[in-house]
Every structure is written in structure tokens, then in C-alpha cells.
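Visitor: If it helps, the file is called upload.pdb and holds PDB, C-alpha atoms:
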```pdb
ATOM      1  CA  SER A   1       0.000   0.000   0.000  1.00  0.00           C
ATOM      2  CA  GLU A   2       1.513   3.320  -1.097  1.00  0.00           C
ATOM      3  CA  GLN A   3      -0.529   5.285   1.464  1.00  0.00           C
ATOM      4  CA  ALA A   4       0.838   3.448   4.508  1.00  0.00           C
ATOM      5  CA  PRO A   5       3.855   1.259   3.650  1.00  0.00           C
ATOM      6  CA  GLN A   6       4.628   0.958   7.383  1.00  0.00           C
ATOM      7  CA  LEU A   7       1.642  -1.411   7.711  1.00  0.00           C
ATOM      8  CA  LEU A   8       3.529  -4.015   5.675  1.00  0.00           C
ATOM      9  CA  THR A   9       6.098  -4.242   8.498  1.00  0.00           C
ATOM     10  CA  LEU A  10       3.376  -5.654  10.765  1.00  0.00           C
ATOM     11  CA  PRO A  11       3.597  -9.483  10.800  1.00  0.00           C
ATOM     12  CA  GLY A  12       0.492 -10.987   9.210  1.00  0.00           C
ATOM     13  CA  CYS A  13      -0.431  -7.852   7.275  1.00  0.00           C
ATOM     14  CA  GLY A  14      -0.065  -8.268   3.535  1.00  0.00           C
ATOM     15  CA  PRO A  15      -0.680  -5.713   0.767  1.00  0.00           C
ATOM     16  CA  LEU A  16      -4.412  -6.463   0.440  1.00  0.00           C
ATOM     17  CA  THR A  17      -5.051  -6.316   4.187  1.00  0.00           C
ATOM     18  CA  ALA A  18      -3.033  -3.083   4.419  1.00  0.00           C
ATOM     19  CA  ALA A  19      -5.065  -1.576   1.576  1.00  0.00           C
ATOM     20  CA  GLU A  20      -8.289  -2.614   3.300  1.00  0.00           C
ATOM     21  CA  LEU A  21      -7.147  -1.082   6.598  1.00  0.00           C
ATOM     22  CA  VAL A  22      -6.276   2.200   4.866  1.00  0.00           C
ATOM     23  CA  GLY A  23      -9.524   2.277   2.886  1.00  0.00           C
ATOM     24  CA  GLU A  24     -11.852   1.385   5.758  1.00  0.00           C
ATOM     25  CA  THR A  25     -10.134   3.746   8.208  1.00  0.00           C
ATOM     26  CA  ALA A  26     -10.467   6.619   5.693  1.00  0.00           C
ATOM     27  CA  ASN A  27      -8.605   9.227   7.732  1.00  0.00           C
ATOM     28  CA  PRO A  28      -7.140   8.171  11.096  1.00  0.00           C
ATOM     29  CA  VAL A  29      -7.094  11.802  12.275  1.00  0.00           C
ATOM     30  CA  ARG A  30     -10.902  11.658  12.561  1.00  0.00           C
ATOM     31  CA  PHE A  31     -10.581   9.417  15.631  1.00  0.00           C
ATOM     32  CA  ARG A  32      -9.783  11.291  18.830  1.00  0.00           C
ATOM     33  CA  SER A  33      -7.936   8.302  20.299  1.00  0.00           C
ATOM     34  CA  GLU A  34      -6.875   4.756  19.570  1.00  0.00           C
ATOM     35  CA  ALA A  35      -9.714   3.591  21.833  1.00  0.00           C
ATOM     36  CA  CYS A  36     -12.226   5.282  19.512  1.00  0.00           C
ATOM     37  CA  PHE A  37     -10.569   3.561  16.561  1.00  0.00           C
ATOM     38  CA  ALA A  38     -10.828   0.186  18.340  1.00  0.00           C
ATOM     39  CA  MET A  39     -14.522   0.815  19.049  1.00  0.00           C
ATOM     40  CA  HIS A  40     -15.099   1.732  15.396  1.00  0.00           C
ATOM     41  CA  ALA A  41     -13.296  -1.452  14.323  1.00  0.00           C
ATOM     42  CA  GLY A  42     -15.347  -3.575  16.711  1.00  0.00           C
ATOM     43  CA  ALA A  43     -12.223  -4.631  18.611  1.00  0.00           C
ATOM     44  CA  ALA A  44     -12.987  -2.841  21.890  1.00  0.00           C
ATOM     45  CA  PRO A  45     -13.956  -5.046  24.830  1.00  0.00           C
ATOM     46  CA  ILE A  46     -17.578  -5.022  25.981  1.00  0.00           C
ATOM     47  CA  PRO A  47     -18.219  -5.946  29.634  1.00  0.00           C
ATOM     48  CA  ALA A  48     -20.045  -9.275  29.864  1.00  0.00           C
ATOM     49  CA  SER A  49     -19.709  -9.875  33.594  1.00  0.00           C
ATOM     50  CA  SER A  50     -22.276 -11.677  35.694  1.00  0.00           C
ATOM     51  CA  GLY A  51     -22.115 -12.210  39.422  1.00  0.00           C
ATOM     52  CA  LYS A  52     -18.566 -13.030  40.464  1.00  0.00           C
ATOM     53  CA  THR A  53     -17.531 -13.808  36.870  1.00  0.00           C
ATOM     54  CA  ASN A  54     -15.601 -10.855  35.451  1.00  0.00           C
ATOM     55  CA  ARG A  55     -15.073 -11.075  31.692  1.00  0.00           C
ATOM     56  CA  HIS A  56     -15.368  -9.170  28.420  1.00  0.00           C
ATOM     57  CA  ARG A  57     -16.637 -10.158  25.013  1.00  0.00           C
ATOM     58  CA  LEU A  58     -15.866  -9.014  21.490  1.00  0.00           C
ATOM     59  CA  ALA A  59     -18.095  -6.290  20.087  1.00  0.00           C
ATOM     60  CA  ARG A  60     -20.442  -7.431  17.326  1.00  0.00           C
ATOM     61  CA  GLY A  61     -20.896  -3.891  16.025  1.00  0.00           C
ATOM     62  CA  GLY A  62     -18.474  -1.588  14.303  1.00  0.00           C
ATOM     63  CA  ASN A  63     -16.965  -1.749  10.854  1.00  0.00           C
ATOM     64  CA  ARG A  64     -17.039  -5.438   9.921  1.00  0.00           C
ATOM     65  CA  GLN A  65     -14.446  -5.143   7.129  1.00  0.00           C
ATOM     66  CA  LEU A  66     -12.007  -3.427   9.497  1.00  0.00           C
ATOM     67  CA  ASN A  67     -12.691  -6.097  12.110  1.00  0.00           C
ATOM     68  CA  ALA A  68     -12.140  -8.866   9.540  1.00  0.00           C
ATOM     69  CA  ALA A  69      -8.782  -7.343   8.554  1.00  0.00           C
ATOM     70  CA  LEU A  70      -7.690  -7.222  12.230  1.00  0.00           C
ATOM     71  CA  HIS A  71      -8.905 -10.804  12.631  1.00  0.00           C
ATOM     72  CA  ARG A  72      -6.792 -11.989   9.682  1.00  0.00           C
ATOM     73  CA  ILE A  73      -3.698 -10.338  11.168  1.00  0.00           C
ATOM     74  CA  ALA A  74      -4.427 -11.801  14.632  1.00  0.00           C
ATOM     75  CA  VAL A  75      -4.966 -15.362  13.385  1.00  0.00           C
ATOM     76  CA  THR A  76      -1.803 -15.160  11.274  1.00  0.00           C
ATOM     77  CA  GLN A  77       0.218 -13.831  14.229  1.00  0.00           C
ATOM     78  CA  ILE A  78      -1.008 -16.693  16.419  1.00  0.00           C
ATOM     79  CA  ARG A  79       0.299 -19.135  13.798  1.00  0.00           C
ATOM     80  CA  LEU A  80       3.691 -17.406  13.413  1.00  0.00           C
ATOM     81  CA  PRO A  81       6.356 -17.238  16.130  1.00  0.00           C
ATOM     82  CA  GLY A  82       6.584 -13.723  17.558  1.00  0.00           C
ATOM     83  CA  LEU A  83       4.982 -11.194  19.885  1.00  0.00           C
ATOM     84  CA  GLY A  84       1.389 -11.916  18.841  1.00  0.00           C
ATOM     85  CA  ARG A  85       1.691 -15.622  19.579  1.00  0.00           C
ATOM     86  CA  THR A  86       3.513 -14.950  22.867  1.00  0.00           C
ATOM     87  CA  TYR A  87       0.778 -12.540  24.004  1.00  0.00           C
ATOM     88  CA  TYR A  88      -1.995 -14.961  22.961  1.00  0.00           C
ATOM     89  CA  GLN A  89      -0.353 -17.898  24.782  1.00  0.00           C
ATOM     90  CA  ARG A  90       0.174 -15.776  27.906  1.00  0.00           C
ATOM     91  CA  ARG A  91      -3.516 -14.797  27.937  1.00  0.00           C
ATOM     92  CA  ARG A  92      -4.510 -18.469  27.496  1.00  0.00           C
ATOM     93  CA  SER A  93      -2.223 -19.543  30.363  1.00  0.00           C
ATOM     94  CA  ASP A  94      -3.742 -16.785  32.546  1.00  0.00           C
ATOM     95  CA  GLY A  95      -7.124 -18.484  32.178  1.00  0.00           C
ATOM     96  CA  ASP A  96      -8.687 -16.685  29.201  1.00  0.00           C
ATOM     97  CA  SER A  97     -10.777 -18.728  26.789  1.00  0.00           C
ATOM     98  CA  THR A  98      -9.669 -18.990  23.163  1.00  0.00           C
ATOM     99  CA  MET A  99     -12.079 -16.228  22.100  1.00  0.00           C
ATOM    100  CA  GLU A 100     -11.158 -13.944  25.025  1.00  0.00           C
ATOM    101  CA  ALA A 101      -7.446 -14.272  24.214  1.00  0.00           C
ATOM    102  CA  LEU A 102      -8.163 -13.580  20.532  1.00  0.00           C
ATOM    103  CA  ARG A 103     -10.243 -10.520  21.476  1.00  0.00           C
ATOM    104  CA  ALA A 104      -7.392  -9.186  23.615  1.00  0.00           C
ATOM    105  CA  LEU A 105      -4.908  -9.695  20.769  1.00  0.00           C
ATOM    106  CA  LYS A 106      -7.217  -7.913  18.309  1.00  0.00           C
ATOM    107  CA  ARG A 107      -7.509  -4.986  20.741  1.00  0.00           C
ATOM    108  CA  ARG A 108      -3.711  -4.714  20.918  1.00  0.00           C
ATOM    109  CA  LEU A 109      -3.470  -4.954  17.136  1.00  0.00           C
ATOM    110  CA  ALA A 110      -6.041  -2.152  16.783  1.00  0.00           C
ATOM    111  CA  ARG A 111      -3.718   0.064  18.856  1.00  0.00           C
ATOM    112  CA  VAL A 112      -0.697  -0.878  16.728  1.00  0.00           C
ATOM    113  CA  VAL A 113      -2.552  -0.353  13.428  1.00  0.00           C
ATOM    114  CA  PHE A 114      -3.921   3.014  14.580  1.00  0.00           C
ATOM    115  CA  ASN A 115      -0.432   4.220  15.510  1.00  0.00           C
ATOM    116  CA  LEU A 116       0.974   2.994  12.186  1.00  0.00           C
ATOM    117  CA  LEU A 117      -1.771   4.777  10.231  1.00  0.00           C
ATOM    118  CA  ARG A 118      -1.420   8.112  12.018  1.00  0.00           C
ATOM    119  CA  PRO A 119       0.752  10.714  10.301  1.00  0.00           C
ATOM    120  CA  THR A 120       4.065  10.960  12.138  1.00  0.00           C
ATOM    121  CA  ASP A 121       4.854  14.490  10.997  1.00  0.00           C
ATOM    122  CA  ARG A 122       2.894  17.160  12.882  1.00  0.00           C
ATOM    123  CA  THR A 123       2.765  19.388   9.786  1.00  0.00           C
ATOM    124  CA  ALA A 124       1.153  16.549   7.821  1.00  0.00           C
ATOM    125  CA  ALA A 125      -1.463  16.178  10.554  1.00  0.00           C
ATOM    126  CA  ALA A 126      -2.111  19.926  10.464  1.00  0.00           C
ATOM    127  CA  ALA A 127      -2.602  19.825   6.686  1.00  0.00           C
ATOM    128  CA  LEU A 128      -5.332  17.180   6.944  1.00  0.00           C
ATOM    129  CA  PRO A 129      -8.910  18.387   7.420  1.00  0.00           C
ATOM    130  CA  GLN A 130      -9.983  18.112  11.049  1.00  0.00           C
ATOM    131  CA  ALA A 131     -13.236  16.370  11.972  1.00  0.00           C
ATOM    132  CA  ALA A 132     -15.660  18.610  13.818  1.00  0.00           C
TER     133      ALA A 132
END
```
Show this structure as C-alpha cells.

Guide:
Amino acid sequence: SEQAPQLLTLPGCGPLTAAELVGETANPVRFRSEACFAMHAGAAPIPASSGKTNRHRLARGGNRQLNAALHRIAVTQIRLPGLGRTYYQRRRSDGDSTMEALRALKRRLARVVFNLLRPTDRTAAAALPQAA
């Protein structure tokens, strides 16, 4: 992707997934924080606690294409040796279910993707139209 070549450095993110992330995000400056981006992508945790059970579930809402792109990266990172797999295995050993560990990894990936998409130069960010 010519718009954000830094996405291709992310393990599990190929040219088509990078292009989809860029296209579905539109302009990362429109999100006030990475948490807002994660909520838009459907990767933010939703409390699903009951009684003494404290847990979170994956959001069903949000941009489904963006969520699918994050899911592809997460599943690929779990297969490959590296930070994603290490984080996933640590969450599983801490007692998370398979889906809870995957949700946590997708939330971390949303943060990474958001930071990779944001313009690094402050003048470039100033030149982009600001969302009201």
C-alpha cells in the first residue's frame, strides 16, 4: 500500500489487508484516540460480567471489514512465532478462553494499526482536514 507502507512491516499484514485497513479507516485523524478507533473497528472489549464472573466479550458492532482485517492479522500472528503468539499464549495460560485471548490480541493490534496509520509528521497532521 503506497498510502501506509509501514503497515507491511506488521507481521500478518499483507498488501491487500493493508489496503483494506487504509480504505476502511479513511482518515485516522478523525478518531480522537486509539480507543475510539478500536470501538469503530469492533475490537474494543464489551463488559459481559455476571455475578462473580468478570469477563469481556468481542463487540459485534463496528466496521465489519475493518474487524475482519484485524482478525486476519491476529490469526496469522497466532500461527507465526513472535509477539502476537507470545501474548496470545500468555492470555490463554492466565485463564482466558480462546475467544477472550483472541479478542485481547485484536484490541492490541487495533492500537498498533492506529499508531501505524497516524501521520508521524505534525505538519502533515495539520494539513489534513480536522473532523468537527

Visitor: Could you pull the residues within 12 Å of A:Gly23, counting all atoms listed in the file, minus those fewer than 2 positions along the same chain, as a ChimeraX atom specification?

Guide: /A:1-4,16-21,25-28,63,65-66,69,117

Visitor: Return as a PyMOL selection string the set of residues that the PyMOL selection byres ((chain A and resi 71) around 12) yields on the displayed structure.

Guide: chain A and resi 12-13+17+21+41-43+58+64-70+72-78+99+102-110

Visitor: Give me, please, the distance in Å between atom CA of A:Gly95 and atom CA of A:Leu10, quoted to one decimal.

Guide: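 Atom-to-atom, atom CA of A:Gly95 and atom CA of A:Leu10 are spaced 27.1 Å apart.
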
Visitor: From the options A:Asp94, A:Val22, A:Ala44, A:Tyr87, which residue's atoms come nearest to A:His56, counting only C-alpha atoms?

Guide: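 Distance minimum relative to A:His56 lands on A:Ala44.
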
Visitor: Quick one, how far is atom CA of A:Gln6 from atom CA of A:Phe114?

Guide: 11.4 Å

Visitor: Expressed in Å to a single decimal, how great is the separation between atom CA of A:Pro45 and atom CA of A:Phe31?

Guide: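 Interatomic distance, atom CA of A:Pro45 to atom CA of A:Phe31: 17.5 Å.
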
Visitor: Could you tell me which of A:Val112, A:Pro11, A:Glu100, A:Pro119 comes closest to A:Arg85 if we count all atoms listed in the file?

Guide: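 Ranked by minimum distance to A:Arg85, first place goes to A:Pro11.
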
Visitor: Of the candidates A:Pro47, A:Ser33, A:Arg57, A:Gly62, which shows the shortest atom-to-atom distance to A:Asp96, using all atoms listed in the file?

Guide: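 The answer is A:Arg57, which sits nearest to A:Asp96.
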
Visitor: Compare A:Arg111, A:Gly84, A:Thr53, A:Thr98 by their minimum atom-to-atom distance to A:Cys36, counting only C-alpha atoms, and give me the closest one.

Guide: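 The shortest atom-to-atom distance to A:Cys36 comes from A:Arg111.
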